[in-house]
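Contents: one structure, followed by commentary.
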Amino acid sequence: MMMKTSKIVITSSCNPVAIIVVAMLCLSSMPSVKSQLTSNFYATTCPSLFQIVRREVKSAIKNEMRMAASLVRLHFHDCFVNGCDASILLDGDDGEKFAFPNINSVRGYDVVDTIKKALEDKCSGVVSCADILALAARESVLLSGGPSWKVRFGRRDGIISNQTKANLALPSPFENVTAIISKFSDVGLNVTDVVALSGAHTIGLAKCATFSTRLVNFSGSGAPDQTMHTDMVTDLQSVCPQNGDGNKTVALDRNSTDLFDNHYFKNLLEKKGLLFSDQVLYSSDSAAATTKSIVESYSNDSQLFFLNFATSMFKMGNISPLTGTNGEIRKNCRVVN
């Protein structure tokens, strides 16, 4: 099904505070969010929620800058499978943790454990693990220099972790634009959301195994991927040689590793996207009618990217939440009560 691209346009003269204010107004009036989530859900039951989560996320990022990206990704990978229900946190060989896109890849579980323990000490049995993921992702972006958005709360935790669905539903770094758009559409997200949320790759690292196929004999061509800049190919071949350590990591956003900005999109215009799934947003034939123009817009206007990213994160955080009496509030995020 063809999807229409929607954009929110702001002038380049807006300041960062204005972006946050405009984003809040846009988010508060979005008709597609019909869940029972509210921004003041814990106002009386756990008023120290924000302080605790920010403190622990800040500590985790100070210890390892990469953790900011890891916590955003953890929230993303949770919401795309069974909705935002913290099912990715459940232990078990048949759970989502051990799905192909997550195993030895998704990180941040220990940080969530630390946040949960601090919250249990302060307000036991009140804050769900799913809400922790949503707020930790927001704090990670904000502490990395990115935009803020209003997080709504009241999600409850799922009791089933679906490994099979995780293998099918999560976007892959090897997929083309059409496949990625389809997976976003399956959870109610549009083409603008695809590009905006891909912009989270402005921070973090990726393993050689996720892009090494682009460096040599790409798709049986006998040559590297022609949509990757030759200088970048040469650099990466030295870091990730054939038959080398596939777990070695490289910055997703070349020359701007830890700052949340629009540099990721500038790289795509220069054929310097690291993952195949990144570069196809600009260089593929399918991108021409779908994602390319959005990439160009974000590369020229960081404030537009920030606004759209905040909107898309808000939408993603509202994918099929469990509310009311559905699900539970886990005492330990790794196991059901």
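Quick note on naming: the chains in the structure tokens go A, B, ... in the order shown, residues restart at 1 in each chain, and ligands are numbered from 1 in order of appearance.
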
Could you make a table, as CSV, of the residues of range 51-111 of chain A that have an atom within 10 Å of an atom of range 192-214 of chain A, each with its nearest atom pair and distance in Å to one decimal, counting only C-alpha atoms, in chain and number order?
```
residue,atom,partner,partner_atom,distance
A:Met65,CA,A:Gly204,CA,8.1
A:Arg66,CA,A:Gly204,CA,5.2
A:Met67,CA,A:Gly204,CA,7.8
A:Ala68,CA,A:Gly204,CA,7.5
A:Ala69,CA,A:Gly204,CA,5.0
A:Ser70,CA,A:Gly204,CA,7.2
A:Val72,CA,A:Ala200,CA,7.8
A:Arg73,CA,A:Ala200,CA,8.3
A:Phe76,CA,A:Leu197,CA,9.0
A:Ser105,CA,A:Lys207,CA,8.5
```

Take the residues just selected and output them with N, CA and C atoms as a PDB file, in the first residue's frame.
```
ATOM      1  N   MET A  65      29.294   6.494  27.135  1.00  0.00           N
ATOM      2  CA  MET A  65      28.501   7.363  26.264  1.00  0.00           C
ATOM      3  C   MET A  65      27.561   6.575  25.361  1.00  0.00           C
ATOM      4  N   ARG A  66      27.994   5.407  24.952  1.00  0.00           N
ATOM      5  CA  ARG A  66      27.209   4.582  24.044  1.00  0.00           C
ATOM      6  C   ARG A  66      25.848   4.203  24.629  1.00  0.00           C
ATOM      7  N   MET A  67      25.736   4.236  25.958  1.00  0.00           N
ATOM      8  CA  MET A  67      24.513   3.770  26.601  1.00  0.00           C
ATOM      9  C   MET A  67      23.287   4.604  26.211  1.00  0.00           C
ATOM     10  N   ALA A  68      23.483   5.862  25.865  1.00  0.00           N
ATOM     11  CA  ALA A  68      22.341   6.689  25.444  1.00  0.00           C
ATOM     12  C   ALA A  68      21.648   6.064  24.248  1.00  0.00           C
ATOM     13  N   ALA A  69      22.434   5.708  23.234  1.00  0.00           N
ATOM     14  CA  ALA A  69      21.870   5.080  22.044  1.00  0.00           C
ATOM     15  C   ALA A  69      21.267   3.722  22.377  1.00  0.00           C
ATOM     16  N   SER A  70      21.892   2.997  23.282  1.00  0.00           N
ATOM     17  CA  SER A  70      21.416   1.662  23.640  1.00  0.00           C
ATOM     18  C   SER A  70      20.040   1.723  24.292  1.00  0.00           C
ATOM     19  N   VAL A  72      17.764   4.116  23.879  1.00  0.00           N
ATOM     20  CA  VAL A  72      16.773   4.489  22.852  1.00  0.00           C
ATOM     21  C   VAL A  72      16.401   3.252  22.039  1.00  0.00           C
ATOM     22  N   ARG A  73      17.391   2.493  21.652  1.00  0.00           N
ATOM     23  CA  ARG A  73      17.161   1.286  20.847  1.00  0.00           C
ATOM     24  C   ARG A  73      16.359   0.239  21.619  1.00  0.00           C
ATOM     25  N   PHE A  76      12.791   1.197  21.348  1.00  0.00           N
ATOM     26  CA  PHE A  76      12.357   0.948  19.970  1.00  0.00           C
ATOM     27  C   PHE A  76      12.071  -0.539  19.750  1.00  0.00           C
ATOM     28  N   SER A 105      23.251  -7.997  20.994  1.00  0.00           N
ATOM     29  CA  SER A 105      23.147  -6.733  20.274  1.00  0.00           C
ATOM     30  C   SER A 105      22.461  -5.661  21.121  1.00  0.00           C
TER      31      SER A 105
END
```

Check: Residues of range 82-329 of chain A in strand (DSSP E or B) according to DSSP, as a list in words?
Finding: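 In range 82-329 of chain A, DSSP puts these residues in strand (DSSP E or B): Phe153, Arg156, Asp157, Leu205, Ala206, Lys207, Thr249, Val250, Ala251, Leu322 and Glu328 of chain A.
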
Writing out the chosen residues with N, CA, C and O atoms as an mmCIF file, in the first residue's frame:
```cif
data_model
loop_
_atom_site.group_PDB
_atom_site.id
_atom_site.type_symbol
_atom_site.label_atom_id
_atom_site.label_comp_id
_atom_site.auth_asym_id
_atom_site.auth_seq_id
_atom_site.Cartn_x
_atom_site.Cartn_y
_atom_site.Cartn_z
ATOM 1 N N PHE A 153 2.353 8.388 30.583
ATOM 2 C CA PHE A 153 2.577 7.186 31.386
ATOM 3 C C PHE A 153 1.275 6.434 31.660
ATOM 4 O O PHE A 153 0.183 6.925 31.416
ATOM 5 N N ARG A 156 1.388 -0.709 31.238
ATOM 6 C CA ARG A 156 1.614 -1.825 32.143
ATOM 7 C C ARG A 156 2.478 -2.856 31.425
ATOM 8 O O ARG A 156 2.627 -2.814 30.204
ATOM 9 N N ASP A 157 3.055 -3.747 32.196
ATOM 10 C CA ASP A 157 4.019 -4.695 31.656
ATOM 11 C C ASP A 157 3.358 -5.967 31.150
ATOM 12 O O ASP A 157 2.468 -6.525 31.804
ATOM 13 N N LEU A 205 26.949 3.043 18.267
ATOM 14 C CA LEU A 205 27.905 2.248 17.511
ATOM 15 C C LEU A 205 27.206 1.069 16.849
ATOM 16 O O LEU A 205 26.127 0.663 17.268
ATOM 17 N N ALA A 206 27.836 0.510 15.820
ATOM 18 C CA ALA A 206 27.322 -0.691 15.152
ATOM 19 C C ALA A 206 28.458 -1.686 14.987
ATOM 20 O O ALA A 206 29.611 -1.308 14.783
ATOM 21 N N LYS A 207 28.135 -2.960 15.079
ATOM 22 C CA LYS A 207 29.135 -4.006 14.914
ATOM 23 C C LYS A 207 29.488 -4.192 13.443
ATOM 24 O O LYS A 207 28.648 -4.003 12.558
ATOM 25 N N THR A 249 33.252 -2.629 16.901
ATOM 26 C CA THR A 249 32.244 -1.595 16.654
ATOM 27 C C THR A 249 32.814 -0.344 15.984
ATOM 28 O O THR A 249 33.988 -0.019 16.133
ATOM 29 N N VAL A 250 31.917 0.337 15.263
ATOM 30 C CA VAL A 250 32.246 1.574 14.547
ATOM 31 C C VAL A 250 31.111 2.567 14.789
ATOM 32 O O VAL A 250 29.945 2.169 14.943
ATOM 33 N N ALA A 251 31.421 3.840 14.810
ATOM 34 C CA ALA A 251 30.396 4.871 15.019
ATOM 35 C C ALA A 251 29.376 4.856 13.894
ATOM 36 O O ALA A 251 29.727 4.814 12.711
ATOM 37 N N LEU A 322 -0.469 -1.638 27.121
ATOM 38 C CA LEU A 322 -1.384 -2.303 28.034
ATOM 39 C C LEU A 322 -1.743 -1.298 29.119
ATOM 40 O O LEU A 322 -0.862 -0.685 29.720
ATOM 41 N N GLU A 328 0.612 -6.206 34.056
ATOM 42 C CA GLU A 328 0.933 -6.092 35.476
ATOM 43 C C GLU A 328 2.017 -5.036 35.669
ATOM 44 O O GLU A 328 2.546 -4.495 34.694
#
```

Note to self: So, with only C-alpha atoms as the atoms that count, which of A:Tyr282, A:Ala288, A:Cys46, A:Val233 lies closest to Asn217 in chain A?
What the structure shows: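 Between A:Tyr282, A:Ala288, A:Cys46, A:Val233, the residue approaching Asn217 in chain A most closely is A:Val233.
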
Note to self: Using only C-alpha atoms for the distances, tell me which of A:Lys331, A:His75, A:Arg55, A:Lys315 is nearest to Ile88 in chain A.
What the structure shows: A:His75

Next item on the list: Determine, counting only C-alpha atoms, which protein, DNA and RNA residues have an atom within 9 Å of an atom of Tyr109 in chain A; residues of the same chain fewer than 6 positions away are not included. Present the result as number ranges by chain.
Entry: A: 71, 74, 89, 333-334

Notebook entry, point to check: In Å, with one decimal, what is the gap from CA of Ile159 in chain A to CA of Ser185 in chain A?
Noted result: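 CA of Ser185 in chain A lies 24.9 Å from CA of Ile159 in chain A.
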
Next item on the list: Compile the contact shell of range 169-179 of chain A as a list in words: residues with an atom at most 7 Å away, counting only C-alpha atoms, same-chain residues fewer than 3 positions apart removed.
Entry: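 After dropping sequence-adjacent residues, the list is His77, Phe80, Val81, Lys165, Ala166, Ser182, Lys183, Thr210, Leu275, Phe276, Ser277, Val280, Leu281, Ser286 and Ala287 of chain A.
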
Generate a file of the selected residues that holds C-alpha atoms, formatted as a PDB file, in the first residue's frame.
```
ATOM      1  CA  HIS A  77      12.854  -2.829  19.900  1.00  0.00           C
ATOM      2  CA  PHE A  80       7.774  -2.937  17.666  1.00  0.00           C
ATOM      3  CA  VAL A  81       6.900  -6.320  19.219  1.00  0.00           C
ATOM      4  CA  LYS A 165       7.357 -11.985  16.274  1.00  0.00           C
ATOM      5  CA  ALA A 166      10.581 -10.167  17.146  1.00  0.00           C
ATOM      6  CA  SER A 182       6.154  -1.894   5.572  1.00  0.00           C
ATOM      7  CA  LYS A 183       7.317  -2.841   9.067  1.00  0.00           C
ATOM      8  CA  THR A 210      25.962  -5.394  10.513  1.00  0.00           C
ATOM      9  CA  LEU A 275      24.301   0.597   7.503  1.00  0.00           C
ATOM     10  CA  PHE A 276      22.700  -0.456   4.238  1.00  0.00           C
ATOM     11  CA  SER A 277      19.308   0.377   5.786  1.00  0.00           C
ATOM     12  CA  VAL A 280      19.028   3.320   1.112  1.00  0.00           C
ATOM     13  CA  LEU A 281      16.915   6.090   2.649  1.00  0.00           C
ATOM     14  CA  SER A 286      12.702   3.429  -3.946  1.00  0.00           C
ATOM     15  CA  ALA A 287      13.821   6.402  -1.866  1.00  0.00           C
TER      16      ALA A 287
END
```

Margin query: One number please: CA of Thr164 in chain A to CA of Asn318 in chain A, in Å, one decimal.
Written below: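 CA of Thr164 in chain A sits 22.1 Å away from CA of Asn318 in chain A.
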